[in-house]
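J.: This is protein-v1.csv (CSV, C-alpha atoms).
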```csv
chain,number,residue,atom,x,y,z
X,298,MET,CA,-19.0,17.9,1.9
X,299,ASP,CA,-19.9,17.2,5.5
X,300,GLN,CA,-20.1,14.1,7.6
X,301,THR,CA,-23.7,13.4,6.7
X,302,ASP,CA,-22.8,13.4,3.0
X,303,ILE,CA,-20.0,10.9,3.6
X,304,LEU,CA,-22.4,8.6,5.4
X,305,ASN,CA,-24.9,9.0,2.5
X,306,ILE,CA,-22.2,8.0,0.0
X,307,TRP,CA,-21.6,4.8,2.0
X,308,LYS,CA,-25.3,4.1,2.3
X,309,ALA,CA,-25.7,4.4,-1.5
X,310,TYR,CA,-22.7,2.0,-1.8
X,311,ASP,CA,-24.4,-0.4,0.6
X,312,LYS,CA,-27.6,-0.3,-1.4
X,313,LYS,CA,-25.8,-0.9,-4.6
X,314,LEU,CA,-24.1,-4.0,-3.0
X,315,GLU,CA,-27.4,-5.3,-1.7
X,316,GLU,CA,-28.8,-5.2,-5.2
X,317,THR,CA,-25.8,-6.5,-7.1
X,318,LEU,CA,-23.5,-8.6,-4.9
X,319,SER,CA,-23.9,-12.3,-5.0
X,320,LEU,CA,-22.2,-15.1,-3.1
X,321,ASN,CA,-20.7,-18.0,-5.0
X,322,ARG,CA,-22.1,-20.7,-2.7
X,323,GLN,CA,-20.4,-23.6,-4.4
X,324,LEU,CA,-17.0,-22.0,-4.1
X,325,THR,CA,-17.7,-21.1,-0.5
X,326,VAL,CA,-18.5,-24.7,0.2
X,327,GLU,CA,-15.2,-25.7,-1.4
X,328,VAL,CA,-13.3,-23.3,0.9
X,329,THR,CA,-15.0,-24.7,3.9
X,330,ARG,CA,-13.9,-28.2,2.9
X,331,LEU,CA,-10.3,-27.3,2.6
X,332,LYS,CA,-8.3,-28.9,5.4
X,333,THR,CA,-6.2,-26.7,7.6
X,334,LYS,CA,-2.6,-27.2,6.4
X,335,SER,CA,0.1,-28.2,8.8
X,336,LEU,CA,2.4,-25.5,10.0
X,337,LEU,CA,5.2,-26.8,7.7
X,338,LYS,CA,2.9,-26.9,4.6
X,339,SER,CA,1.7,-23.4,5.2
X,340,MET,CA,5.2,-22.0,5.0
X,341,THR,CA,7.0,-20.7,1.9
X,342,PRO,CA,9.1,-23.5,0.3
X,343,ILE,CA,12.3,-21.7,1.1
X,344,LYS,CA,11.4,-21.2,4.7
X,345,GLY,CA,10.4,-24.8,5.1
X,346,PHE,CA,13.5,-26.0,3.3
X,347,THR,CA,15.7,-23.8,5.5
X,348,LEU,CA,14.1,-25.2,8.6
X,349,LEU,CA,14.5,-28.8,7.4
X,350,VAL,CA,18.2,-28.2,6.5
X,351,GLY,CA,18.7,-26.5,9.9
X,352,MET,CA,17.1,-29.5,11.8
X,353,GLY,CA,19.1,-31.9,9.7
X,354,TRP,CA,22.3,-30.0,10.5
X,355,VAL,CA,21.6,-29.9,14.2
X,356,THR,CA,20.6,-33.6,14.3
X,357,ALA,CA,23.7,-34.8,12.3
X,358,GLY,CA,26.0,-32.4,14.2
X,359,THR,CA,24.7,-33.7,17.6
X,360,ILE,CA,25.2,-37.3,16.6
X,361,ILE,CA,28.7,-36.7,15.3
X,362,ILE,CA,29.8,-34.6,18.2
X,363,SER,CA,28.4,-36.9,20.9
X,364,ASN,CA,30.2,-39.9,19.2
X,365,LEU,CA,33.4,-37.9,19.0
X,366,PHE,CA,33.1,-37.1,22.7
X,367,ARG,CA,32.4,-40.7,23.6
X,368,TYR,CA,34.8,-42.6,21.3
X,369,ALA,CA,37.5,-40.2,20.0
X,370,TYR,CA,37.9,-37.6,22.6
X,371,ASP,CA,41.7,-38.0,22.8
X,372,SER,CA,42.3,-37.9,19.1
X,373,VAL,CA,40.2,-34.9,18.1
X,374,SER,CA,41.3,-31.3,18.6
X,375,PRO,CA,39.5,-29.8,21.7
X,376,PHE,CA,39.2,-26.6,19.6
X,377,PHE,CA,37.1,-28.4,17.1
X,378,LEU,CA,35.0,-30.2,19.7
X,379,ILE,CA,34.3,-27.0,21.7
X,380,SER,CA,33.7,-24.9,18.6
X,381,ALA,CA,31.4,-27.4,17.0
X,382,THR,CA,29.4,-28.0,20.2
X,383,ILE,CA,28.9,-24.2,20.6
X,384,GLN,CA,27.9,-23.9,17.0
X,385,ILE,CA,25.4,-26.8,17.1
X,386,GLY,CA,24.1,-25.7,20.5
X,387,LEU,CA,23.4,-22.1,19.4
X,388,THR,CA,21.8,-23.2,16.1
X,389,ALA,CA,19.5,-25.6,18.0
X,390,ILE,CA,18.5,-22.8,20.4
X,391,ALA,CA,17.8,-20.4,17.5
X,392,LEU,CA,15.8,-23.0,15.6
X,393,GLY,CA,13.8,-23.9,18.7
X,394,ILE,CA,12.9,-20.3,19.4
X,395,TYR,CA,11.9,-19.8,15.7
X,396,LEU,CA,9.8,-22.9,15.6
X,397,TYR,CA,8.1,-22.1,18.9
X,398,GLN,CA,7.2,-18.6,17.7
X,399,LEU,CA,5.9,-20.0,14.4
X,400,VAL,CA,3.6,-22.4,16.4
X,401,LEU,CA,2.4,-19.6,18.6
X,402,ILE,CA,1.7,-17.4,15.5
X,403,HIS,CA,-0.2,-20.3,13.9
X,404,HIS,CA,-2.5,-20.6,16.9
X,405,VAL,CA,-3.2,-16.9,17.5
X,406,ASP,CA,-7.0,-16.4,18.1
X,407,ILE,CA,-8.1,-14.4,15.1
X,408,SER,CA,-11.5,-13.7,16.5
X,409,ASN,CA,-10.2,-11.6,19.4
X,410,THR,CA,-10.3,-7.8,19.3
X,411,LEU,CA,-8.1,-6.2,16.7
X,412,LEU,CA,-5.7,-4.7,19.2
X,413,LYS,CA,-5.2,-7.9,21.1
X,414,THR,CA,-4.7,-10.1,18.0
X,415,GLN,CA,-2.6,-7.6,16.1
X,416,LYS,CA,-0.4,-6.8,19.1
X,417,ARG,CA,0.2,-10.5,19.7
X,418,LEU,CA,1.0,-11.2,16.1
X,419,ALA,CA,3.3,-8.2,15.8
X,420,ASN,CA,5.1,-9.0,19.0
X,421,LEU,CA,5.6,-12.7,18.0
X,422,LYS,CA,6.8,-11.8,14.6
X,423,SER,CA,9.2,-9.1,15.8
X,424,SER,CA,10.6,-11.5,18.4
X,425,THR,CA,11.9,-13.8,15.6
X,426,LEU,CA,14.8,-11.3,15.7
X,427,TRP,CA,15.9,-13.3,18.7
X,428,SER,CA,16.8,-16.2,16.4
X,429,ALA,CA,19.0,-13.9,14.3
X,430,ARG,CA,20.7,-12.5,17.4
X,431,ILE,CA,21.6,-16.0,18.7
X,432,LEU,CA,22.8,-17.2,15.3
X,433,PHE,CA,25.2,-14.2,15.1
X,434,LEU,CA,26.7,-15.3,18.4
X,435,GLN,CA,28.3,-18.3,16.7
X,436,LEU,CA,30.5,-16.1,14.5
X,437,PRO,CA,33.7,-16.5,16.6
X,438,VAL,CA,33.6,-20.3,16.6
X,439,TRP,CA,34.0,-20.3,12.8
X,440,THR,CA,37.4,-18.8,13.4
X,441,THR,CA,38.5,-21.4,16.1
X,442,PHE,CA,37.3,-24.9,15.0
X,443,TYR,CA,40.4,-25.5,12.8
X,444,LEU,CA,42.9,-24.6,15.5
X,445,SER,CA,45.0,-27.2,17.2
X,446,GLN,CA,47.3,-27.5,20.2
X,447,ASP,CA,50.3,-28.2,17.9
X,448,MET,CA,49.8,-24.8,16.2
X,449,PHE,CA,50.2,-23.1,19.6
X,450,GLN,CA,53.2,-25.2,20.6
X,451,SER,CA,55.2,-25.1,17.4
X,452,GLY,CA,53.4,-22.7,15.1
X,453,ASN,CA,54.4,-19.4,13.6
X,454,LEU,CA,53.9,-16.6,16.1
X,455,ALA,CA,52.6,-14.1,13.4
X,456,TYR,CA,50.0,-16.7,12.3
X,457,ILE,CA,48.8,-17.2,15.9
X,458,ILE,CA,48.6,-13.5,16.5
X,459,ILE,CA,46.5,-13.0,13.3
X,460,ASN,CA,44.2,-15.9,14.2
X,461,CYS,CA,43.7,-14.5,17.8
X,462,ALA,CA,43.0,-11.0,16.4
X,463,VAL,CA,40.4,-12.4,13.9
X,464,THR,CA,38.7,-14.4,16.6
X,465,LEU,CA,38.6,-11.3,18.9
X,466,VAL,CA,37.2,-9.2,16.1
X,467,ALA,CA,34.5,-11.9,15.4
X,468,LEU,CA,33.7,-12.1,19.1
X,469,ALA,CA,33.3,-8.3,19.3
X,470,ILE,CA,31.1,-8.2,16.2
X,471,SER,CA,28.9,-11.0,17.4
X,472,LEU,CA,28.5,-9.6,20.9
X,473,TRP,CA,27.8,-6.1,19.4
X,474,LEU,CA,25.2,-7.5,17.1
X,475,PHE,CA,23.6,-9.6,19.9
X,476,VAL,CA,23.2,-6.5,22.0
X,477,HIS,CA,22.2,-4.1,19.1
X,478,ILE,CA,19.9,-6.2,17.0
X,479,ARG,CA,16.7,-4.9,18.5
X,480,TYR,CA,13.6,-3.0,17.6
X,481,ALA,CA,15.0,0.4,18.6
X,482,ASN,CA,17.7,0.2,15.9
X,483,ARG,CA,15.4,-0.8,13.0
X,484,GLU,CA,16.0,2.5,11.2
X,485,LYS,CA,19.8,2.2,11.3
X,486,LYS,CA,21.6,1.5,8.0
X,487,TRP,CA,23.4,-1.6,9.2
X,488,PHE,CA,20.1,-3.1,10.5
X,489,LYS,CA,18.4,-2.5,7.2
X,490,TYR,CA,21.3,-4.0,5.4
X,491,ILE,CA,21.2,-7.2,7.5
X,492,PHE,CA,17.5,-7.6,7.4
X,493,GLU,CA,16.7,-6.5,3.8
X,494,GLY,CA,15.0,-9.2,1.6
X,495,ARG,CA,11.7,-10.8,1.3
X,496,GLU,CA,12.1,-13.3,4.1
X,497,TRP,CA,12.6,-10.6,6.7
X,498,SER,CA,10.0,-8.1,5.3
X,499,PRO,CA,7.0,-9.5,7.4
X,500,VAL,CA,9.1,-9.1,10.5
X,501,ILE,CA,10.0,-5.5,9.6
X,502,ARG,CA,6.3,-4.8,8.7
X,503,ALA,CA,5.3,-6.3,12.1
X,504,MET,CA,7.6,-3.8,13.8
X,505,GLU,CA,6.0,-1.0,11.9
X,506,LEU,CA,2.6,-2.2,12.9
X,507,ASN,CA,3.8,-2.4,16.5
X,508,ASP,CA,4.7,1.3,16.2
X,509,GLU,CA,1.2,2.0,14.7
X,510,ILE,CA,-0.5,0.2,17.5
X,511,LYS,CA,1.4,2.2,20.1
X,512,SER,CA,0.6,5.5,18.5
X,513,PHE,CA,-3.0,4.4,17.9
X,514,GLU,CA,-3.4,3.6,21.7
X,515,ARG,CA,-1.8,6.9,22.7
X,516,GLU,CA,-3.8,9.2,20.4
L,131,MET,CA,-29.7,-27.0,9.5
L,132,ASN,CA,-26.2,-28.4,9.6
L,133,GLN,CA,-23.1,-26.4,10.5
L,134,GLU,CA,-22.1,-25.8,6.9
L,135,GLU,CA,-25.6,-24.5,6.0
L,136,GLN,CA,-25.6,-22.3,9.0
L,137,PHE,CA,-22.3,-20.8,8.0
L,138,LEU,CA,-23.4,-20.3,4.4
L,139,SER,CA,-26.5,-18.5,5.6
L,140,VAL,CA,-24.4,-16.3,7.9
L,141,LEU,CA,-22.2,-15.4,5.0
L,142,GLU,CA,-25.1,-14.8,2.7
L,143,ASP,CA,-26.6,-12.4,5.2
L,144,ASN,CA,-23.3,-10.6,5.7
L,145,LYS,CA,-21.5,-10.9,2.4
L,146,GLY,CA,-21.4,-7.1,2.0
L,147,ILE,CA,-19.2,-6.8,5.1
L,148,LEU,CA,-16.5,-9.0,3.5
L,149,TYR,CA,-16.7,-7.2,0.2
L,150,LYS,CA,-16.4,-3.7,1.7
L,151,LEU,CA,-13.6,-4.7,4.0
L,152,ALA,CA,-11.6,-6.5,1.3
L,153,ASN,CA,-12.1,-3.5,-1.0
L,154,ALA,CA,-10.9,-1.1,1.6
L,155,TYR,CA,-7.8,-3.1,2.5
L,156,CYS,CA,-6.8,-4.4,-0.9
L,157,ARG,CA,-6.9,-2.3,-4.1
L,158,ASP,CA,-5.5,-5.0,-6.4
L,159,ILE,CA,-8.3,-7.2,-7.8
L,160,GLU,CA,-6.4,-10.5,-7.8
L,161,ASP,CA,-5.1,-9.9,-4.2
L,162,ARG,CA,-8.6,-9.0,-3.2
L,163,LYS,CA,-10.0,-12.3,-4.4
L,164,ASP,CA,-7.3,-14.1,-2.3
L,165,LEU,CA,-8.2,-11.9,0.7
L,166,VAL,CA,-11.9,-12.7,0.5
L,167,GLN,CA,-11.1,-16.4,0.3
L,168,GLU,CA,-8.7,-16.2,3.2
L,169,MET,CA,-11.4,-14.3,5.2
L,170,VAL,CA,-14.0,-17.0,4.4
L,171,PHE,CA,-11.5,-19.7,5.3
L,172,GLN,CA,-10.6,-18.1,8.7
L,173,LEU,CA,-14.3,-17.4,9.4
L,174,TRP,CA,-15.1,-21.1,8.8
L,175,LYS,CA,-12.1,-22.2,11.0
L,176,SER,CA,-13.3,-20.1,13.9
L,177,PHE,CA,-17.0,-20.7,13.3
L,178,ASP,CA,-16.9,-23.5,16.0
L,179,ASN,CA,-15.6,-21.1,18.6
L,180,TYR,CA,-18.2,-18.4,17.9
L,181,HIS,CA,-20.0,-17.7,21.1
L,182,GLN,CA,-23.2,-15.8,21.2
L,183,THR,CA,-21.8,-13.3,23.7
L,184,TYR,CA,-21.4,-11.1,20.7
L,185,LYS,CA,-23.5,-10.5,17.7
L,186,VAL,CA,-22.6,-12.6,14.7
L,187,SER,CA,-21.6,-9.4,12.8
L,188,THR,CA,-19.2,-8.4,15.6
L,189,TRP,CA,-17.5,-11.8,15.4
L,190,MET,CA,-17.4,-11.5,11.6
L,191,TYR,CA,-15.9,-8.0,11.7
L,192,ARG,CA,-13.2,-9.1,14.2
L,193,VAL,CA,-12.1,-12.1,12.1
L,194,ALA,CA,-12.3,-10.3,8.7
L,195,LEU,CA,-10.5,-7.2,9.9
L,196,ASN,CA,-7.8,-9.2,11.6
L,197,VAL,CA,-7.3,-11.2,8.4
L,198,ALA,CA,-7.3,-8.0,6.3
L,199,ILE,CA,-4.7,-6.3,8.5
L,200,SER,CA,-2.5,-9.4,8.7
L,201,PHE,CA,-2.9,-10.1,5.0
L,202,TYR,CA,-0.9,-7.1,4.1
L,203,ARG,CA,1.9,-8.0,6.4
L,204,LYS,CA,2.4,-11.3,4.7
L,205,ASP,CA,4.7,-11.7,1.9
L,206,HIS,CA,2.5,-11.1,-1.2
L,207,LYS,CA,4.3,-14.0,-3.0
L,208,ARG,CA,3.1,-16.3,-0.3
L,209,LYS,CA,0.1,-18.3,-1.2
L,210,GLY,CA,-2.6,-18.7,1.4
L,211,GLN,CA,-4.5,-21.8,2.4
L,212,THR,CA,-6.8,-21.3,-0.5
L,213,ASP,CA,-4.4,-21.1,-3.3
L,214,SER,CA,-6.0,-24.0,-5.3
L,215,ILE,CA,-9.2,-21.8,-5.8
L,216,THR,CA,-9.0,-19.4,-8.7
L,217,ASP,CA,-12.6,-18.1,-8.9
L,218,SER,CA,-14.2,-15.3,-7.0
L,219,ILE,CA,-16.4,-15.9,-4.0
L,220,LEU,CA,-18.1,-12.6,-4.2
L,221,ASN,CA,-19.3,-11.3,-7.6
L,222,LEU,CA,-20.6,-7.8,-8.4
L,223,THR,CA,-22.8,-7.1,-11.4
L,224,GLU,CA,-23.0,-3.7,-12.9
L,225,SER,CA,-25.7,-1.3,-11.7
L,226,GLY,CA,-27.0,2.0,-12.9
L,227,VAL,CA,-25.4,4.2,-10.3
L,228,SER,CA,-25.0,7.8,-11.5
L,229,THR,CA,-21.4,8.8,-12.5
L,230,ASP,CA,-21.3,11.6,-9.9
L,231,GLU,CA,-22.2,9.2,-7.1
L,232,GLU,CA,-19.7,6.7,-8.3
L,233,GLN,CA,-17.1,9.4,-8.5
L,234,ARG,CA,-17.7,10.4,-4.9
L,235,LEU,CA,-17.6,6.9,-3.7
L,236,LEU,CA,-14.3,6.3,-5.5
L,237,LEU,CA,-12.9,9.3,-3.8
L,238,LEU,CA,-14.1,8.2,-0.4
L,239,GLN,CA,-12.6,4.7,-1.0
L,240,GLN,CA,-9.4,6.3,-2.0
L,241,PHE,CA,-9.2,8.5,1.1
L,242,ILE,CA,-10.1,5.5,3.3
L,243,SER,CA,-7.4,3.4,1.7
L,244,GLU,CA,-4.9,6.1,2.6
L,245,LEU,CA,-5.6,5.8,6.3
L,246,LYS,CA,-3.4,3.8,8.6
L,247,GLU,CA,-4.6,0.2,9.0
L,248,LEU,CA,-6.3,0.6,12.5
L,249,ASP,CA,-7.8,4.0,11.7
L,250,LYS,CA,-9.2,2.4,8.5
L,251,ALA,CA,-10.9,-0.2,10.6
L,252,VAL,CA,-12.4,2.4,12.9
L,253,MET,CA,-13.6,4.5,10.0
L,254,LEU,CA,-15.2,1.5,8.2
L,255,LEU,CA,-17.1,0.5,11.3
L,256,TYR,CA,-18.3,4.1,11.7
L,257,LEU,CA,-19.5,4.2,8.1
L,258,GLU,CA,-21.3,0.9,8.8
L,259,GLU,CA,-23.1,2.9,11.5
L,260,LYS,CA,-21.9,0.7,14.3
L,261,SER,CA,-22.3,2.3,17.8
L,262,HIS,CA,-19.2,3.4,19.8
L,263,ARG,CA,-19.8,0.4,22.1
L,264,VAL,CA,-19.7,-2.1,19.2
L,265,ILE,CA,-16.7,-0.5,17.6
L,266,ALA,CA,-15.0,-0.6,21.0
L,267,GLU,CA,-15.8,-4.4,21.2
L,268,ILE,CA,-14.4,-5.0,17.8
L,269,VAL,CA,-11.3,-2.9,18.0
L,270,GLY,CA,-10.5,-3.3,21.7
L,271,LEU,CA,-10.5,0.4,22.7
L,272,SER,CA,-12.6,2.2,25.3
L,273,GLU,CA,-15.8,3.9,24.0
L,274,SER,CA,-14.5,7.3,24.7
L,275,ASN,CA,-11.3,6.6,22.8
L,276,VAL,CA,-13.4,5.4,19.9
L,277,GLY,CA,-15.3,8.7,19.9
L,278,THR,CA,-12.1,10.7,19.8
L,279,LYS,CA,-10.7,8.7,17.0
L,280,ILE,CA,-13.8,8.9,14.9
L,281,ASN,CA,-13.9,12.7,15.2
L,282,ARG,CA,-10.3,13.0,14.2
L,283,ILE,CA,-10.7,10.7,11.2
L,284,LYS,CA,-13.9,12.3,10.1
L,285,THR,CA,-12.2,15.7,10.2
L,286,THR,CA,-9.4,14.4,8.1
L,287,LEU,CA,-11.8,12.9,5.5
L,288,THR,CA,-13.9,16.1,5.2
L,289,GLN,CA,-10.7,18.1,4.8
L,290,LYS,CA,-9.6,15.9,2.0
L,291,PHE,CA,-12.9,16.3,0.3
L,292,SER,CA,-12.7,20.1,0.7
L,293,THR,CA,-9.2,20.1,-0.8
L,294,ILE,CA,-10.4,18.2,-3.8
L,295,LYS,CA,-13.5,20.4,-4.2
L,296,ASN,CA,-11.3,23.6,-4.1
L,297,GLN,CA,-9.1,22.2,-6.8
L,298,TYR,CA,-12.0,22.1,-9.3
```
Spit out the file's structure as structure tokens when you get a sec.

T.:
Amino acid sequence: MDQTDILNIWKAYDKKLEETLSLNRQLTVEVTRLKTKSLLKSMTPIKGFTLLVGMGWVTAGTIIISNLFRYAYDSVSPFFLISATIQIGLTAIALGIYLYQLVLIHHVDISNTLLKTQKRLANLKSSTLWSARILFLQLPVWTTFYLSQDMFQSGNLAYIIINCAVTLVALAISLWLFVHIRYANREKKWFKYIFEGREWSPVIRAMELNDEIKSFERE
Amino acid sequence: MNQEEQFLSVLEDNKGILYKLANAYCRDIEDRKDLVQEMVFQLWKSFDNYHQTYKVSTWMYRVALNVAISFYRKDHKRKGQTDSITDSILNLTESGVSTDEEQRLLLLQQFISELKELDKAVMLLYLEEKSHRVIAEIVGLSESNVGTKINRIKTTLTQKFSTIKNQY
């Protein structure tokens, strides 16, 4: 079979479609009358729910912490105040980045060339990894928020050493993940372990397409 | 003619494009139905922004191919904008095509579906007998690059056909 034969097969297919394909006009009109859904409505329920919970957490956390700073600064442990501020701050940054990327993805011009559109979509989706990197940075503060000054002044030395060790380990892990969660490590076992699951699969597929685009442009 | 009628007329004239692209990118019948609806929805959404700098078919190929490529990167469980519609926009009635011809078409479709997503787009446009310039406009490559890719993909396809032929 040569190239002309292949083109002839396609022509026959075309002819067949011309004779037998029909457009359901009524259904097409229904589709044109569908309203564009808002960004939130176009998300999966779990993603929308997670975002709402995240926003609720950040809002409530901000209100509580700012009130504690203003009215109860002397009576609350500084460990709690600083840990909670870092946690809420990092969650807010991660949510902000995630939402901003979702808005950009929602507004990508789909009538542009395939390479431009797909590159933009793939880059935006891959960069949602930034949210994960920032969220992992808050790991150490989960080991410090319950500490108090009393504990250091009159507490058991072994308990203090263990706590400090745990915090240092958490800090090392979070910094390591912050540096290493990136596209280049997508084939590593630990990376696949963290990012397995349905919610992350579009991001992983976007990275694969990024690879495909690069090799497509090189060839 | 109002905008909706204009859009319907454009779709009517080019319905084959949507069918062939959806068929090449989506082998599952139910998913394909969703893909065609998503293509129509996105075409309608961007119909306002269509400038006559390009031919209507160029605009249509761009949107439909972008949707087809993106569609597969979405979570399949995710419902699109058109999840309330369950019927099919494009319907095919049986025709009397010879079995041999049908068989060769199925093989060609299978080989095309095995191509990478962007190679698939280039090959489909070549089969649609689009010039290198038009393919370059749709894909976003240079004309010479398009030519190189087409030659490589054509060679792959003919080799696949030869392998099948040698097996029988």

J.: Kindly provide, as an NGL selection string, the residues of chain X having any atom no farther than 9 Å from an atom of chain L, counting only C-alpha atoms.

T.: :X and (298-300 or 303-304 or 306-311 or 313-329 or 331-334 or 339-341 or 406-415 or 418 or 495-496 or 498-500 or 502-503 or 506 or 509-510 or 513-514 or 516)

J.: Since we have the selection now, will you write its residues out, keeping C-alpha atoms, as a CSV table (one decimal), in the coordinates of the input?

T.:
```csv
chain,number,residue,atom,x,y,z
X,298,MET,CA,-19.0,17.9,1.9
X,299,ASP,CA,-19.9,17.2,5.5
X,300,GLN,CA,-20.1,14.1,7.6
X,303,ILE,CA,-20.0,10.9,3.6
X,304,LEU,CA,-22.4,8.6,5.4
X,306,ILE,CA,-22.2,8.0,0.0
X,307,TRP,CA,-21.6,4.8,2.0
X,308,LYS,CA,-25.3,4.1,2.3
X,309,ALA,CA,-25.7,4.4,-1.5
X,310,TYR,CA,-22.7,2.0,-1.8
X,311,ASP,CA,-24.4,-0.4,0.6
X,313,LYS,CA,-25.8,-0.9,-4.6
X,314,LEU,CA,-24.1,-4.0,-3.0
X,315,GLU,CA,-27.4,-5.3,-1.7
X,316,GLU,CA,-28.8,-5.2,-5.2
X,317,THR,CA,-25.8,-6.5,-7.1
X,318,LEU,CA,-23.5,-8.6,-4.9
X,319,SER,CA,-23.9,-12.3,-5.0
X,320,LEU,CA,-22.2,-15.1,-3.1
X,321,ASN,CA,-20.7,-18.0,-5.0
X,322,ARG,CA,-22.1,-20.7,-2.7
X,323,GLN,CA,-20.4,-23.6,-4.4
X,324,LEU,CA,-17.0,-22.0,-4.1
X,325,THR,CA,-17.7,-21.1,-0.5
X,326,VAL,CA,-18.5,-24.7,0.2
X,327,GLU,CA,-15.2,-25.7,-1.4
X,328,VAL,CA,-13.3,-23.3,0.9
X,329,THR,CA,-15.0,-24.7,3.9
X,331,LEU,CA,-10.3,-27.3,2.6
X,332,LYS,CA,-8.3,-28.9,5.4
X,333,THR,CA,-6.2,-26.7,7.6
X,334,LYS,CA,-2.6,-27.2,6.4
X,339,SER,CA,1.7,-23.4,5.2
X,340,MET,CA,5.2,-22.0,5.0
X,341,THR,CA,7.0,-20.7,1.9
X,406,ASP,CA,-7.0,-16.4,18.1
X,407,ILE,CA,-8.1,-14.4,15.1
X,408,SER,CA,-11.5,-13.7,16.5
X,409,ASN,CA,-10.2,-11.6,19.4
X,410,THR,CA,-10.3,-7.8,19.3
X,411,LEU,CA,-8.1,-6.2,16.7
X,412,LEU,CA,-5.7,-4.7,19.2
X,413,LYS,CA,-5.2,-7.9,21.1
X,414,THR,CA,-4.7,-10.1,18.0
X,415,GLN,CA,-2.6,-7.6,16.1
X,418,LEU,CA,1.0,-11.2,16.1
X,495,ARG,CA,11.7,-10.8,1.3
X,496,GLU,CA,12.1,-13.3,4.1
X,498,SER,CA,10.0,-8.1,5.3
X,499,PRO,CA,7.0,-9.5,7.4
X,500,VAL,CA,9.1,-9.1,10.5
X,502,ARG,CA,6.3,-4.8,8.7
X,503,ALA,CA,5.3,-6.3,12.1
X,506,LEU,CA,2.6,-2.2,12.9
X,509,GLU,CA,1.2,2.0,14.7
X,510,ILE,CA,-0.5,0.2,17.5
X,513,PHE,CA,-3.0,4.4,17.9
X,514,GLU,CA,-3.4,3.6,21.7
X,516,GLU,CA,-3.8,9.2,20.4
```

J.: Between atom CA of X:Glu505 and atom CA of X:Ile390, what distance in Å does the model show, to one decimal?

T.: 26.5 Å

J.: To one decimal in Å, tell me the separation between atom CA of X:Leu392 and atom CA of X:Val350.

T.: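 These two atoms are separated by 10.8 Å.
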
J.: Quick one, how far is atom CA of X:Val405 from atom CA of X:Leu421?

T.: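 Distance between the two atoms: 9.8 Å.
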
J.: Set the distance at 10 Å and use all atoms listed in the file: which residues neighbour L:Cys156 once local chain neighbours fewer than 5 positions away are removed? I'd like the list as a list of chain:residue names.

T.: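 So the residues in contact are L:Lys150, L:Leu151, L:Asp161, L:Arg162, L:Lys163, L:Asp164, L:Leu165, L:Val166, L:Ala198, L:Ile199, L:Phe201, L:Tyr202, L:Ser243.
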
J.: Need the neighbours of (36.4, -21.7, 15.0): which residues are at most 12 Å away, counting all atoms listed in the file, as a PDB file with C-alpha atoms, keeping the file's coordinate frame?

T.:
```
ATOM      1  CA  SER X 374      41.300 -31.300  18.600  1.00  0.00           C
ATOM      2  CA  PRO X 375      39.500 -29.800  21.700  1.00  0.00           C
ATOM      3  CA  PHE X 376      39.200 -26.600  19.600  1.00  0.00           C
ATOM      4  CA  PHE X 377      37.100 -28.400  17.100  1.00  0.00           C
ATOM      5  CA  LEU X 378      35.000 -30.200  19.700  1.00  0.00           C
ATOM      6  CA  ILE X 379      34.300 -27.000  21.700  1.00  0.00           C
ATOM      7  CA  SER X 380      33.700 -24.900  18.600  1.00  0.00           C
ATOM      8  CA  ALA X 381      31.400 -27.400  17.000  1.00  0.00           C
ATOM      9  CA  THR X 382      29.400 -28.000  20.200  1.00  0.00           C
ATOM     10  CA  ILE X 383      28.900 -24.200  20.600  1.00  0.00           C
ATOM     11  CA  GLN X 384      27.900 -23.900  17.000  1.00  0.00           C
ATOM     12  CA  GLN X 435      28.300 -18.300  16.700  1.00  0.00           C
ATOM     13  CA  LEU X 436      30.500 -16.100  14.500  1.00  0.00           C
ATOM     14  CA  PRO X 437      33.700 -16.500  16.600  1.00  0.00           C
ATOM     15  CA  VAL X 438      33.600 -20.300  16.600  1.00  0.00           C
ATOM     16  CA  TRP X 439      34.000 -20.300  12.800  1.00  0.00           C
ATOM     17  CA  THR X 440      37.400 -18.800  13.400  1.00  0.00           C
ATOM     18  CA  THR X 441      38.500 -21.400  16.100  1.00  0.00           C
ATOM     19  CA  PHE X 442      37.300 -24.900  15.000  1.00  0.00           C
ATOM     20  CA  TYR X 443      40.400 -25.500  12.800  1.00  0.00           C
ATOM     21  CA  LEU X 444      42.900 -24.600  15.500  1.00  0.00           C
ATOM     22  CA  SER X 445      45.000 -27.200  17.200  1.00  0.00           C
ATOM     23  CA  ASN X 460      44.200 -15.900  14.200  1.00  0.00           C
ATOM     24  CA  CYS X 461      43.700 -14.500  17.800  1.00  0.00           C
ATOM     25  CA  VAL X 463      40.400 -12.400  13.900  1.00  0.00           C
ATOM     26  CA  THR X 464      38.700 -14.400  16.600  1.00  0.00           C
ATOM     27  CA  LEU X 465      38.600 -11.300  18.900  1.00  0.00           C
ATOM     28  CA  ALA X 467      34.500 -11.900  15.400  1.00  0.00           C
ATOM     29  CA  LEU X 468      33.700 -12.100  19.100  1.00  0.00           C
TER      30      LEU X 468
END
```

J.: Mind checking which residues fall within 6 Å of X:Arg430, counting all atoms listed in the file, ignoring those fewer than 3 positions away in the same chain, and posting them as a PDB file with C-alpha atoms, in the frame of the given file?

T.:
```pdb
ATOM      1  CA  TRP X 427      15.900 -13.300  18.700  1.00  0.00           C
ATOM      2  CA  PHE X 433      25.200 -14.200  15.100  1.00  0.00           C
ATOM      3  CA  PHE X 475      23.600  -9.600  19.900  1.00  0.00           C
TER       4      PHE X 475
END
```
